[in-house]
$ cat final_29.cif   # mmCIF, C-alpha atoms
data_protein
#
loop_
_atom_site.label_atom_id
_atom_site.label_comp_id
_atom_site.auth_asym_id
_atom_site.auth_seq_id
_atom_site.Cartn_x
_atom_site.Cartn_y
_atom_site.Cartn_z
CA MET A 1 -55.23 19.99 -10.58
CA LYS A 2 -53.47 16.92 -9.22
CA ALA A 3 -49.76 16.14 -9.72
CA LEU A 4 -47.90 12.90 -9.00
CA LEU A 5 -44.24 12.69 -7.91
CA LEU A 6 -42.50 9.36 -8.21
CA VAL A 7 -39.79 9.82 -5.58
CA ALA A 8 -36.72 7.57 -5.86
CA HIS A 9 -33.45 7.50 -3.97
CA GLY A 10 -31.26 8.56 -6.87
CA SER A 11 -28.07 6.84 -8.02
CA ARG A 12 -24.56 7.74 -9.15
CA ARG A 13 -25.40 5.71 -12.26
CA ALA A 14 -27.19 7.82 -14.83
CA GLN A 15 -28.83 4.68 -16.21
CA SER A 16 -30.60 3.98 -12.90
CA ASN A 17 -31.99 7.51 -12.75
CA GLN A 18 -33.02 7.20 -16.37
CA GLU A 19 -35.02 4.05 -15.50
CA VAL A 20 -36.96 6.09 -12.94
CA SER A 21 -37.55 8.96 -15.37
CA GLU A 22 -38.84 6.54 -17.98
CA LEU A 23 -41.13 4.91 -15.45
CA ALA A 24 -42.50 8.36 -14.58
CA LYS A 25 -43.16 9.01 -18.28
CA ALA A 26 -45.02 5.73 -18.61
CA LEU A 27 -46.97 6.56 -15.44
CA ALA A 28 -47.94 9.94 -16.89
CA ASN A 29 -49.69 8.03 -19.63
CA SER A 30 -51.34 5.38 -17.45
CA CYS A 31 -52.45 7.94 -14.84
CA ARG A 32 -53.51 10.74 -17.18
CA ASP A 33 -57.16 10.51 -16.13
CA ASN A 34 -56.21 11.43 -12.56
CA TYR A 35 -53.02 13.51 -12.83
CA PHE A 36 -52.32 16.45 -15.13
CA LEU A 37 -48.61 16.18 -14.29
CA VAL A 38 -46.37 13.23 -13.37
CA ARG A 39 -42.70 13.71 -12.55
CA ALA A 40 -39.75 11.76 -11.17
CA ALA A 41 -37.89 13.32 -8.24
CA PHE A 42 -34.81 12.17 -6.34
CA LEU A 43 -33.88 12.21 -2.67
CA GLU A 44 -30.18 12.52 -3.42
CA LEU A 45 -27.46 11.98 -6.05
CA ALA A 46 -29.69 13.02 -8.95
CA GLU A 47 -31.84 15.87 -10.20
CA PRO A 48 -34.53 17.13 -9.92
CA SER A 49 -34.72 17.16 -6.14
CA ILE A 50 -38.00 16.57 -4.32
CA THR A 51 -38.11 20.24 -3.29
CA ASP A 52 -37.51 21.51 -6.84
CA SER A 53 -40.13 19.16 -8.23
CA ILE A 54 -42.75 20.21 -5.69
CA ASN A 55 -42.00 23.88 -6.44
CA SER A 56 -42.27 23.19 -10.16
CA CYS A 57 -45.64 21.42 -9.76
CA CYS A 58 -46.95 24.37 -7.75
CA GLU A 59 -45.72 26.85 -10.39
CA GLN A 60 -47.55 24.81 -13.02
CA GLY A 61 -50.79 25.14 -11.09
CA ALA A 62 -51.02 21.98 -9.01
CA THR A 63 -53.51 22.29 -6.17
CA GLU A 64 -52.81 18.77 -4.95
CA ILE A 65 -49.55 16.78 -5.04
CA VAL A 66 -49.34 13.06 -4.37
CA ILE A 67 -45.90 11.70 -3.41
CA LEU A 68 -45.30 8.03 -4.30
CA PRO A 69 -42.09 6.81 -2.63
CA TYR A 70 -40.38 4.34 -4.97
CA PHE A 71 -38.58 2.47 -2.19
CA LEU A 72 -38.80 -1.19 -1.25
CA ASN A 73 -38.27 -0.93 2.49
CA ARG A 74 -39.22 1.34 5.31
CA GLY A 75 -35.70 2.48 6.10
CA ARG A 76 -34.51 5.90 7.25
CA HIS A 77 -35.16 7.46 3.84
CA VAL A 78 -38.82 6.51 3.89
CA SER A 79 -39.46 7.14 7.57
CA ASP A 80 -37.40 10.32 8.10
CA ASP A 81 -35.72 11.90 5.08
CA VAL A 82 -38.58 12.10 2.56
CA PRO A 83 -41.13 13.26 5.19
CA ALA A 84 -38.73 15.99 6.42
CA ILE A 85 -38.39 17.41 2.88
CA VAL A 86 -42.12 17.12 2.21
CA ASN A 87 -42.99 18.84 5.49
CA LYS A 88 -40.76 21.80 4.59
CA ALA A 89 -42.47 22.02 1.20
CA LYS A 90 -45.89 21.96 2.88
CA SER A 91 -44.98 25.01 4.94
CA LEU A 92 -43.83 26.82 1.78
CA HIS A 93 -47.04 25.94 -0.12
CA PRO A 94 -49.82 26.04 2.49
CA SER A 95 -52.57 26.26 -0.13
CA VAL A 96 -51.47 23.04 -1.86
CA THR A 97 -52.53 19.66 -0.47
CA ILE A 98 -49.48 17.40 -0.37
CA THR A 99 -49.98 13.77 0.62
CA THR A 100 -47.42 10.97 0.83
CA LEU A 101 -48.45 7.41 0.00
CA SER A 102 -46.89 4.31 1.55
CA HIS A 103 -43.61 3.22 -0.05
CA ILE A 104 -44.16 0.84 -2.95
CA GLY A 105 -42.60 -2.12 -1.10
CA ALA A 106 -45.49 -1.96 1.38
CA SER A 107 -48.03 -2.54 -1.38
CA GLU A 108 -50.05 -5.73 -1.07
CA ALA A 109 -49.65 -6.17 -4.82
CA MET A 110 -45.85 -6.49 -4.40
CA LEU A 111 -46.25 -10.07 -3.20
CA GLY A 112 -48.29 -10.83 -6.31
CA LEU A 113 -45.64 -9.31 -8.54
CA LEU A 114 -42.87 -11.36 -6.89
CA SER A 115 -44.92 -14.58 -6.94
CA GLU A 116 -45.78 -14.16 -10.59
CA THR A 117 -42.13 -13.49 -11.47
CA ALA A 118 -40.84 -16.47 -9.47
CA ASN A 119 -43.53 -18.86 -10.70
CA LYS A 120 -42.74 -18.02 -14.32
CA ALA A 121 -39.04 -18.84 -13.84
CA MET B 1 -35.81 -29.66 -6.09
CA LYS B 2 -36.06 -25.95 -6.79
CA ALA B 3 -35.23 -23.20 -4.25
CA LEU B 4 -35.95 -19.48 -4.48
CA LEU B 5 -33.77 -16.75 -2.94
CA LEU B 6 -35.27 -13.30 -2.54
CA VAL B 7 -32.08 -11.22 -2.52
CA ALA B 8 -32.30 -7.75 -0.96
CA HIS B 9 -29.67 -5.13 -0.21
CA GLY B 10 -29.95 -5.34 3.57
CA SER B 11 -30.35 -2.43 5.98
CA ARG B 12 -28.97 -1.24 9.30
CA ARG B 13 -32.62 -1.14 10.40
CA ALA B 14 -33.75 -4.52 11.66
CA GLN B 15 -37.32 -3.63 10.68
CA SER B 16 -36.39 -3.29 7.00
CA ASN B 17 -34.72 -6.69 6.97
CA GLN B 18 -37.72 -8.13 8.80
CA GLU B 19 -39.99 -6.81 6.00
CA VAL B 20 -37.92 -8.79 3.49
CA SER B 21 -37.96 -11.94 5.63
CA GLU B 22 -41.73 -11.70 5.98
CA LEU B 23 -42.11 -11.22 2.25
CA ALA B 24 -40.01 -14.35 1.70
CA LYS B 25 -42.29 -16.28 4.07
CA ALA B 26 -45.37 -15.11 2.18
CA LEU B 27 -43.65 -16.05 -1.09
CA ALA B 28 -42.93 -19.53 0.27
CA ASN B 29 -46.67 -19.97 0.52
CA SER B 30 -47.62 -18.46 -2.82
CA CYS B 31 -44.82 -20.30 -4.68
CA ARG B 32 -45.07 -23.67 -2.92
CA ASP B 33 -46.15 -25.47 -6.09
CA ASN B 34 -42.83 -24.56 -7.74
CA TYR B 35 -40.31 -24.18 -4.90
CA PHE B 36 -39.66 -26.53 -1.99
CA LEU B 37 -37.65 -23.80 -0.26
CA VAL B 38 -37.91 -19.98 -0.30
CA ARG B 39 -35.45 -17.83 1.64
CA ALA B 40 -34.47 -14.18 2.02
CA ALA B 41 -30.78 -13.34 1.59
CA PHE B 42 -28.91 -10.06 1.91
CA LEU B 43 -26.09 -8.49 -0.08
CA GLU B 44 -24.76 -6.62 2.95
CA LEU B 45 -25.61 -5.26 6.41
CA ALA B 46 -27.83 -8.22 7.31
CA GLU B 47 -27.81 -11.99 7.60
CA PRO B 48 -28.05 -14.50 6.02
CA SER B 49 -25.65 -13.60 3.22
CA ILE B 50 -26.28 -14.71 -0.35
CA THR B 51 -23.38 -17.17 -0.11
CA ASP B 52 -24.63 -18.72 3.14
CA SER B 53 -28.15 -19.01 1.77
CA ILE B 54 -27.00 -20.71 -1.44
CA ASN B 55 -24.87 -23.13 0.62
CA SER B 56 -27.83 -23.82 2.88
CA CYS B 57 -30.16 -24.51 -0.07
CA CYS B 58 -27.60 -26.93 -1.51
CA GLU B 59 -27.24 -28.71 1.85
CA GLN B 60 -31.01 -29.10 1.96
CA GLY B 61 -30.98 -30.80 -1.41
CA ALA B 62 -31.70 -28.05 -3.92
CA THR B 63 -30.75 -29.05 -7.47
CA GLU B 64 -31.85 -25.70 -8.87
CA ILE B 65 -31.71 -22.26 -7.25
CA VAL B 66 -33.49 -19.20 -8.64
CA ILE B 67 -32.19 -15.79 -7.48
CA LEU B 68 -34.78 -12.99 -7.49
CA PRO B 69 -33.05 -9.62 -6.93
CA TYR B 70 -35.35 -7.42 -4.86
CA PHE B 71 -33.92 -4.16 -6.20
CA LEU B 72 -35.69 -1.35 -8.02
CA ASN B 73 -32.87 -0.16 -10.26
CA ARG B 74 -30.04 -1.63 -12.24
CA GLY B 75 -27.28 -0.08 -10.18
CA ARG B 76 -23.88 -1.50 -9.28
CA HIS B 77 -25.40 -4.01 -6.84
CA VAL B 78 -27.58 -5.57 -9.53
CA SER B 79 -25.09 -5.39 -12.37
CA ASP B 80 -21.85 -6.30 -10.53
CA ASP B 81 -22.08 -7.26 -6.84
CA VAL B 82 -24.85 -9.88 -6.86
CA PRO B 83 -23.55 -11.58 -10.06
CA ALA B 84 -20.00 -11.75 -8.59
CA ILE B 85 -21.26 -13.56 -5.48
CA VAL B 86 -23.52 -15.86 -7.50
CA ASN B 87 -20.71 -16.74 -9.89
CA LYS B 88 -18.47 -17.77 -6.99
CA ALA B 89 -21.30 -19.95 -5.63
CA LYS B 90 -21.75 -21.55 -9.04
CA SER B 91 -18.12 -22.64 -9.07
CA LEU B 92 -18.52 -24.14 -5.56
CA HIS B 93 -21.72 -26.02 -6.53
CA PRO B 94 -21.18 -27.08 -10.15
CA SER B 95 -23.94 -29.70 -10.02
CA VAL B 96 -26.59 -27.13 -8.98
CA THR B 97 -28.26 -24.94 -11.62
CA ILE B 98 -28.26 -21.35 -10.33
CA THR B 99 -30.09 -18.73 -12.39
CA THR B 100 -30.57 -15.04 -11.66
CA LEU B 101 -33.77 -13.30 -12.75
CA SER B 102 -34.00 -9.63 -13.70
CA HIS B 103 -34.30 -7.25 -10.75
CA ILE B 104 -37.88 -6.66 -9.73
CA GLY B 105 -37.85 -3.01 -10.86
CA ALA B 106 -37.41 -4.22 -14.44
CA SER B 107 -40.69 -6.15 -14.29
CA GLU B 108 -43.33 -4.97 -16.71
CA ALA B 109 -45.88 -5.44 -13.93
CA MET B 110 -44.14 -2.73 -11.85
CA LEU B 111 -45.75 -0.02 -13.96
CA GLY B 112 -49.14 -1.60 -13.30
CA LEU B 113 -48.47 -1.71 -9.57
CA LEU B 114 -47.46 1.98 -9.52
CA SER B 115 -50.39 3.06 -11.69
CA GLU B 116 -52.88 1.19 -9.56
CA THR B 117 -51.42 2.71 -6.37
CA ALA B 118 -51.42 6.26 -7.79
CA ASN B 119 -54.88 5.99 -9.32
CA LYS B 120 -56.37 4.85 -6.01
CA ALA B 121 -54.92 7.89 -4.16
#
$ encode --input "final_29.cif" --output "structure tokens"
Amino acid sequence: MKALLLVAHGSRRAQSNQEVSELAKALANSCRDNYFLVRAAFLELAEPSITDSINSCCEQGATEIVILPYFLNRGRHVSDDVPAIVNKAKSLHPSVTITTLSHIGASEAMLGLLSETANKA
Amino acid sequence: MKALLLVAHGSRRAQSNQEVSELAKALANSCRDNYFLVRAAFLELAEPSITDSINSCCEQGATEIVILPYFLNRGRHVSDDVPAIVNKAKSLHPSVTITTLSHIGASEAMLGLLSETANKA
């Protein structure tokens, strides 16, 4: 029972958070073969928090949670803040396997996405 | 003579800015058929600024500049701050065509990138 959390920074603009929530909904569809549950979660400024989302996944029966950090750069949030929250959650849910993927900006496919976008312009 | 500016927020962490600069270098290679010049530029906290980069492209003979906002969400930076700077640059360089693409988070291919990453985990 594998759950996916798309973790974003969170914004004061509701529209920005809505973009992330909609992306998570689309991901739920495109990842349904591998994940029974896909949710957006926010580091700050928006709800649900990462902690609340992890708790919710566990309550819904997740035995494995994959955290996908929706950040472009390896700044403090990626290197310190998200791991600190995830580590606390791990200690609260020792029977659940929680793994954190590299932030999306580190993906090799990001260069392809940027190239394609620029070359079309 | 077309130039590409990969515009990022900028970070207090030198490593984050370095990631963007390296991405711009890789883009220079993958976009060399369409752009004679590819540069990173930063909204704040890092150099070069968007204004300086646009000026530099113009000095180097760009007749067209494409701005690619390396942002995930349509927050204030994407909707207000970057356009304000670009509009000022347009008035300073009326003979240069400066166009701003949608922020990278709005790309349809972003969902594919996230799905692929999650499904591999």
$ resolve_selection --input "final_29.cif" --expression "the PyMOL selection byres ((chain B) within 7 of (chain A))" --output "list in words"
Arg13, Ser16, Leu23, Leu27, Ser30, Cys31, Asn34, Asn73, Arg74, Gly75, Ala109, Leu111, Leu113, Ser115 and Asn119 of chain B
$ resolve_selection --input "final_29.cif" --expression "the PyMOL selection byres ((chain B and resi 86) around 10)" --output "JSON, numbers by chain"
{"B": [50, 51, 54, 67, 81, 82, 83, 84, 85, 87, 88, 89, 90, 91, 92, 98, 99, 100]}
$ atom_distance --input "final_29.cif" --atom1 "CA of Val78 (chain A)" --atom2 "CA of Ser49 (chain A)"
15.2 Å
$ atom_distance --input "final_29.cif" --atom1 "CA of Ile65 (chain B)" --atom2 "CA of Pro94 (chain B)"
11.9 Å
$ atom_distance --input "final_29.cif" --atom1 "CA of Val7 (chain B)" --atom2 "CA of Glu44 (chain A)"
23.8 Å
